[in-house]
file final_25.txt (compact mmCIF, C-alpha atoms)
# COMPACT_ATOMS: atom_id res chain seq x y z
CA MET A 1 14.98 -2.90 5.59
CA GLY A 2 16.89 -3.63 2.42
CA SER A 3 20.18 -4.70 4.03
CA ASN A 4 19.80 -7.93 2.05
CA LEU A 5 19.06 -6.89 -1.53
CA VAL A 6 18.07 -9.09 -4.44
CA PHE A 7 18.19 -7.17 -7.72
CA MET A 8 16.68 -8.59 -10.91
CA PRO A 9 17.08 -6.53 -14.11
CA GLU A 10 13.76 -8.02 -15.22
CA CYS A 11 11.21 -10.31 -13.62
CA HIS A 12 7.54 -11.19 -13.89
CA SER A 13 6.65 -10.11 -10.35
CA THR A 14 8.79 -9.11 -7.38
CA ASN A 15 6.12 -10.52 -5.05
CA THR A 16 6.27 -13.91 -6.73
CA LEU A 17 10.07 -13.97 -6.45
CA ALA A 18 9.95 -12.81 -2.83
CA LEU A 19 7.44 -15.54 -1.96
CA GLN A 20 9.85 -18.09 -3.44
CA LEU A 21 12.72 -16.68 -1.36
CA CYS A 22 10.56 -17.01 1.75
CA GLN A 23 10.76 -20.79 1.36
CA GLN A 24 14.46 -20.57 2.19
CA SER A 25 14.92 -20.34 5.96
CA SER A 26 18.15 -18.40 5.45
CA THR A 27 16.31 -15.43 3.90
CA PRO A 28 16.44 -12.66 6.53
CA GLU A 29 13.63 -10.31 7.45
CA GLY A 30 13.90 -7.03 5.58
CA THR A 31 15.09 -8.69 2.36
CA LEU A 32 14.35 -6.41 -0.58
CA VAL A 33 13.53 -7.76 -4.04
CA ILE A 34 13.69 -5.03 -6.67
CA THR A 35 13.62 -4.88 -10.45
CA ASN A 36 13.98 -2.35 -13.25
CA ASN A 37 11.34 -4.07 -15.34
CA GLN A 38 8.39 -5.95 -13.89
CA THR A 39 6.58 -7.64 -16.75
CA ALA A 40 3.59 -9.09 -14.91
CA GLY A 41 3.10 -7.00 -11.79
CA ARG A 42 0.05 -7.83 -9.71
CA GLY A 43 -2.27 -5.40 -7.97
CA GLN A 44 -5.32 -5.59 -5.75
CA ARG A 45 -8.44 -7.39 -7.06
CA GLY A 46 -6.28 -9.31 -9.55
CA ASN A 47 -5.46 -6.16 -11.54
CA ALA A 48 -2.22 -5.75 -13.47
CA TRP A 49 0.26 -3.05 -12.45
CA GLU A 50 1.66 -0.84 -15.22
CA ALA A 51 5.22 0.43 -14.87
CA GLU A 52 7.62 1.73 -17.53
CA PRO A 53 11.05 0.04 -17.24
CA GLY A 54 13.66 2.02 -15.32
CA LYS A 55 11.31 4.85 -14.38
CA ASN A 56 9.79 3.77 -11.07
CA LEU A 57 10.36 1.76 -7.90
CA THR A 58 8.95 -1.75 -8.24
CA LEU A 59 9.89 -3.81 -5.22
CA SER A 60 8.84 -6.27 -2.54
CA LEU A 61 9.88 -6.46 1.11
CA ILE A 62 9.96 -9.69 3.11
CA LEU A 63 8.71 -9.29 6.66
CA LYS A 64 8.38 -11.82 9.46
CA PRO A 65 5.76 -10.32 11.78
CA VAL A 66 5.55 -13.34 14.10
CA PHE A 67 4.82 -10.93 16.98
CA LEU A 68 1.51 -9.85 15.40
CA ASN A 69 -1.83 -11.43 16.25
CA LEU A 70 -3.65 -12.81 13.25
CA LYS A 71 -6.70 -10.67 14.05
CA ASP A 72 -4.47 -7.60 13.61
CA GLN A 73 -3.12 -8.46 10.18
CA PHE A 74 -4.66 -5.35 8.58
CA PHE A 75 -2.10 -3.35 10.54
CA LEU A 76 0.46 -4.54 7.98
CA ASN A 77 -1.56 -2.77 5.28
CA MET A 78 -1.69 0.32 7.45
CA ILE A 79 2.01 0.58 8.29
CA ILE A 80 3.20 -0.09 4.74
CA SER A 81 0.83 2.47 3.24
CA LEU A 82 1.70 4.95 6.00
CA GLY A 83 5.41 4.45 5.33
CA VAL A 84 4.86 5.25 1.66
CA TYR A 85 2.65 8.19 2.65
CA ASP A 86 5.44 9.50 4.93
CA TYR A 87 7.87 9.23 2.01
CA PHE A 88 5.64 11.26 -0.31
CA ILE A 89 5.07 13.91 2.36
CA THR A 90 8.82 14.67 2.29
CA LYS A 91 8.33 15.83 -1.32
CA LYS A 92 6.13 18.73 -0.17
CA ILE A 93 3.17 17.46 -2.19
CA THR A 94 -0.26 18.49 -0.99
CA ASP A 95 -3.46 16.43 -1.00
CA ILE A 96 -1.83 13.04 -0.32
CA HIS A 97 -4.18 10.38 1.04
CA ILE A 98 -4.40 6.62 1.52
CA LYS A 99 -7.24 5.02 -0.41
CA TRP A 100 -8.54 1.98 1.45
CA PRO A 101 -7.07 -0.50 1.77
CA ASN A 102 -3.61 0.76 0.82
CA ASP A 103 -3.28 2.75 -2.41
CA VAL A 104 -1.55 6.12 -2.04
CA MET A 105 -3.22 8.97 -3.91
CA ALA A 106 -2.27 12.48 -4.99
CA GLY A 107 -5.61 14.21 -5.42
CA ASN A 108 -7.71 11.69 -7.32
CA LYS A 109 -4.79 9.95 -9.03
CA LYS A 110 -2.80 6.94 -7.87
CA LEU A 111 0.86 7.38 -6.96
CA CYS A 112 1.43 3.95 -5.46
CA GLY A 113 -0.19 0.53 -5.42
CA ILE A 114 0.51 -2.01 -2.69
CA LEU A 115 -0.12 -5.74 -2.59
CA ILE A 116 0.48 -7.61 0.68
CA GLU A 117 0.51 -11.41 0.73
CA ASN A 118 0.73 -13.32 4.01
CA GLN A 119 1.65 -16.89 4.81
CA ILE A 120 0.06 -18.15 8.01
CA GLN A 121 0.77 -21.39 9.83
CA GLY A 122 -1.50 -22.43 12.65
CA SER A 123 -2.22 -19.34 14.68
CA GLN A 124 0.71 -17.14 13.65
CA PHE A 125 2.40 -15.45 10.73
CA VAL A 126 5.29 -17.18 9.01
CA HIS A 127 6.10 -14.30 6.72
CA SER A 128 4.55 -11.43 4.82
CA VAL A 129 5.52 -10.00 1.44
CA ALA A 130 4.73 -6.33 0.81
CA GLY A 131 4.89 -5.47 -2.87
CA MET A 132 4.93 -1.85 -3.99
CA GLY A 133 4.76 -0.06 -7.31
CA ILE A 134 5.72 3.57 -6.73
CA ASN A 135 5.45 6.00 -9.64
CA ILE A 136 8.55 8.18 -9.65
CA ASN A 137 9.74 9.37 -13.08
CA GLN A 138 7.16 7.92 -15.49
CA GLN A 139 5.44 10.58 -17.63
CA HIS A 140 2.82 8.63 -19.57
CA PHE A 141 0.31 6.06 -18.35
CA GLY A 142 -2.20 3.94 -20.21
CA VAL A 143 -4.91 5.11 -17.79
CA GLY A 144 -5.90 8.59 -16.73
CA THR A 145 -6.13 7.66 -13.07
CA ALA A 146 -2.37 7.38 -12.44
CA THR A 147 0.30 9.99 -11.84
CA SER A 148 3.95 10.18 -10.74
CA LEU A 149 6.23 12.35 -8.65
CA HIS A 150 7.79 13.76 -11.82
CA MET A 151 4.41 14.66 -13.31
CA ILE A 152 3.48 16.53 -10.13
CA THR A 153 6.76 18.30 -9.37
CA GLY A 154 8.58 18.43 -12.72
CA ILE A 155 11.69 17.04 -11.00
CA GLN A 156 13.71 14.08 -12.28
CA TYR A 157 14.54 11.83 -9.34
CA THR A 158 17.46 9.47 -8.69
CA LEU A 159 15.85 6.13 -7.93
CA GLN A 160 18.57 4.94 -5.54
CA ASP A 161 18.19 8.03 -3.36
CA GLU A 162 14.41 7.68 -3.34
CA LEU A 163 14.66 4.00 -2.44
CA GLU A 164 16.82 4.70 0.60
CA LEU A 165 14.42 7.34 1.90
CA LEU A 166 11.41 5.12 1.26
CA LEU A 167 12.94 2.21 3.20
CA GLN A 168 13.72 4.49 6.14
CA LYS A 169 10.09 5.61 6.33
CA ILE A 170 8.70 2.07 6.07
CA GLU A 171 11.12 0.74 8.68
CA ALA A 172 10.11 3.50 11.12
CA ARG A 173 6.45 2.50 10.77
CA TYR A 174 7.26 -1.21 11.10
CA LEU A 175 9.16 -0.56 14.31
CA ARG A 176 6.07 1.19 15.72
CA LEU A 177 4.11 -1.96 14.91
CA ARG A 178 6.68 -4.09 16.72
CA GLN A 179 6.26 -1.76 19.70
CA ASN A 180 2.51 -2.56 19.64
CA ALA A 181 1.52 1.08 19.03
CA LEU A 182 -1.73 -0.07 17.44
CA ASP A 183 -3.92 2.86 18.48
CA LYS A 184 -1.39 5.38 17.17
CA ILE A 185 -1.08 3.52 13.85
CA LYS A 186 -4.83 3.27 13.37
CA ASN A 187 -5.39 6.93 14.24
CA ASP A 188 -2.66 8.02 11.80
CA TYR A 189 -4.22 5.85 9.08
CA LEU A 190 -7.74 7.19 9.62
CA ALA A 191 -6.43 10.77 9.65
CA VAL A 192 -5.29 10.50 6.03
CA LEU A 193 -7.95 8.13 4.67
CA TYR A 194 -9.19 9.09 1.21
CA TRP A 195 -12.84 10.30 1.11
CA LYS A 196 -13.24 9.90 4.89
CA GLY A 197 -15.99 12.11 6.28
CA LYS A 198 -17.21 13.21 2.85
CA ASN A 199 -20.29 12.11 0.95
CA HIS A 200 -19.44 10.20 -2.25
CA LEU A 201 -20.88 7.69 -4.68
CA PHE A 202 -19.93 4.03 -4.25
CA SER A 203 -20.91 0.78 -5.93
CA SER A 204 -21.69 -2.57 -4.33
CA ASN A 205 -23.40 -5.63 -5.84
CA GLY A 206 -23.94 -3.73 -9.07
CA GLN A 207 -25.81 -0.91 -7.34
CA ASN A 208 -24.62 2.66 -6.80
CA PHE A 209 -25.28 4.36 -3.49
CA SER A 210 -24.29 7.55 -1.69
CA GLY A 211 -22.38 7.20 1.53
CA THR A 212 -19.67 8.55 3.80
CA ILE A 213 -16.59 6.64 4.92
CA VAL A 214 -16.54 6.75 8.71
CA GLY A 215 -13.63 4.39 9.45
CA ILE A 216 -12.62 0.74 9.51
CA ASP A 217 -13.65 -2.10 11.81
CA ASP A 218 -11.36 -4.27 13.92
CA THR A 219 -10.45 -6.49 10.95
CA GLY A 220 -9.81 -3.63 8.55
CA ARG A 221 -13.10 -3.70 6.66
CA LEU A 222 -14.33 -0.33 5.38
CA LYS A 223 -17.19 1.28 7.32
CA VAL A 224 -19.55 3.40 5.19
CA GLN A 225 -22.53 5.30 6.52
CA ARG A 226 -25.41 5.31 4.04
CA GLU A 227 -27.89 8.15 3.60
CA ASP A 228 -30.32 6.45 6.00
CA ASN A 229 -27.53 6.66 8.66
CA ALA A 230 -27.04 2.87 8.69
CA VAL A 231 -23.36 1.90 8.83
CA GLN A 232 -22.34 -0.99 6.59
CA VAL A 233 -18.96 -2.76 6.49
CA PHE A 234 -17.31 -3.91 3.26
CA ASP A 235 -14.49 -6.31 2.44
CA LEU A 236 -12.02 -5.69 -0.38
CA LYS A 237 -14.05 -6.98 -3.30
CA GLU A 238 -17.42 -5.86 -1.99
CA ILE A 239 -17.23 -2.13 -2.75
CA SER A 240 -15.75 0.19 -5.36
CA TYR A 241 -15.36 3.96 -5.53
CA VAL A 242 -17.40 5.75 -8.21
CA GLN A 243 -17.11 9.52 -7.73

call {"tool": "encode", "arguments": {"input": "final_25.txt", "output": "structure tokens"}}
result
Amino acid sequence: MGSNLVFMPECHSTNTLALQLCQQSSTPEGTLVITNNQTAGRGQRGNAWEAEPGKNLTLSLILKPVFLNLKDQFFLNMIISLGVYDYFITKKITDIHIKWPNDVMAGNKKLCGILIENQIQGSQFVHSVAGMGININQQHFGVGTATSLHMITGIQYTLQDELELLLQKIEARYLRLRQNALDKIKNDYLAVLYWKGKNHLFSSNGQNFSGTIVGIDDTGRLKVQREDNAVQVFDLKEISYVQ
């Protein structure tokens, strides 16, 4: 991971640039696209990603998971978010969880957003781009739901050192995926899933309801048990967290 590095002082979106590089057959797996200033970062649900220039890690990794069955594509979300989770755990921060599908949280605040975009041809993957915005040294955010390593620990981090450690953790998780350790990956993901096993308020189709996250199904959809004990599954844009 990262042995082939493409650095842009400024770009609209590292994912967009990485997707363009994927069209070149000479682009090797593990290529890292990174920038100091992402001006139009994209998040889940079409949201924008806010990042102060030079303060955080904004990057995209090009993967070629041709070994993976299409039905298992959610495992890419799991191993990337677990790799980021493993990185944050080295900082001795407590209360780190993965919010389905792949945000990384410290308490109730977001430390990292992830956007994975796949290109599929026929019945197999051609490539996958995993974009990450990881809040490292930023101290002020336009929303109250975000935080950074510096805000939690008070430490000023060297981005290059943090990048190297992050890539090591992601590569280790990706290698487990290549080894087909699917049960282990899923169990690790469920063990750190945000709000799992606790009753909370959700919203779907404009209606709030109480429920408990009980897991994910075979395609990665979120399984929520309602108060009447019925278990319902939700896709990405079908449910939101309320409180």

call {"tool": "closest_residue", "arguments": {"input": "final_25.txt", "among": "A:Leu68, A:Val6, A:Leu19, A:His12", "to": "Leu177 (chain A)", "atoms": "all atoms listed in the file"}}
result
A:Leu68

call {"tool": "closest_residue", "arguments": {"input": "final_25.txt", "among": "A:Thr147, A:Ser240, A:Thr16, A:Thr158", "to": "Gln207 (chain A)", "atoms": "only C-alpha atoms"}}
result
A:Ser240

call {"tool": "residues_around", "arguments": {"input": "final_25.txt", "residues": "Pro9 (chain A)", "least_positions_apart": "2", "cutoff": "10 Å", "atoms": "only C-alpha atoms", "output": "list in words"}}
result
Phe7, Cys11, Ile34, Thr35, Asn36, Asn37, Gln38, Pro53 and Gly54 of chain A

call {"tool": "atom_distance", "arguments": {"input": "final_25.txt", "atom1": "CA of Lys110 (chain A)", "atom2": "CA of Gly83 (chain A)"}}
result
15.7 Å

call {"tool": "residues_around", "arguments": {"input": "final_25.txt", "residues": "region 21-29 of chain A", "least_positions_apart": "2", "cutoff": "12 Å", "atoms": "only C-alpha atoms", "output": "PyMOL selection string"}}
result
chain A and resi 1-6+14-19+31-33+60-66+117-119+126-130+171+174
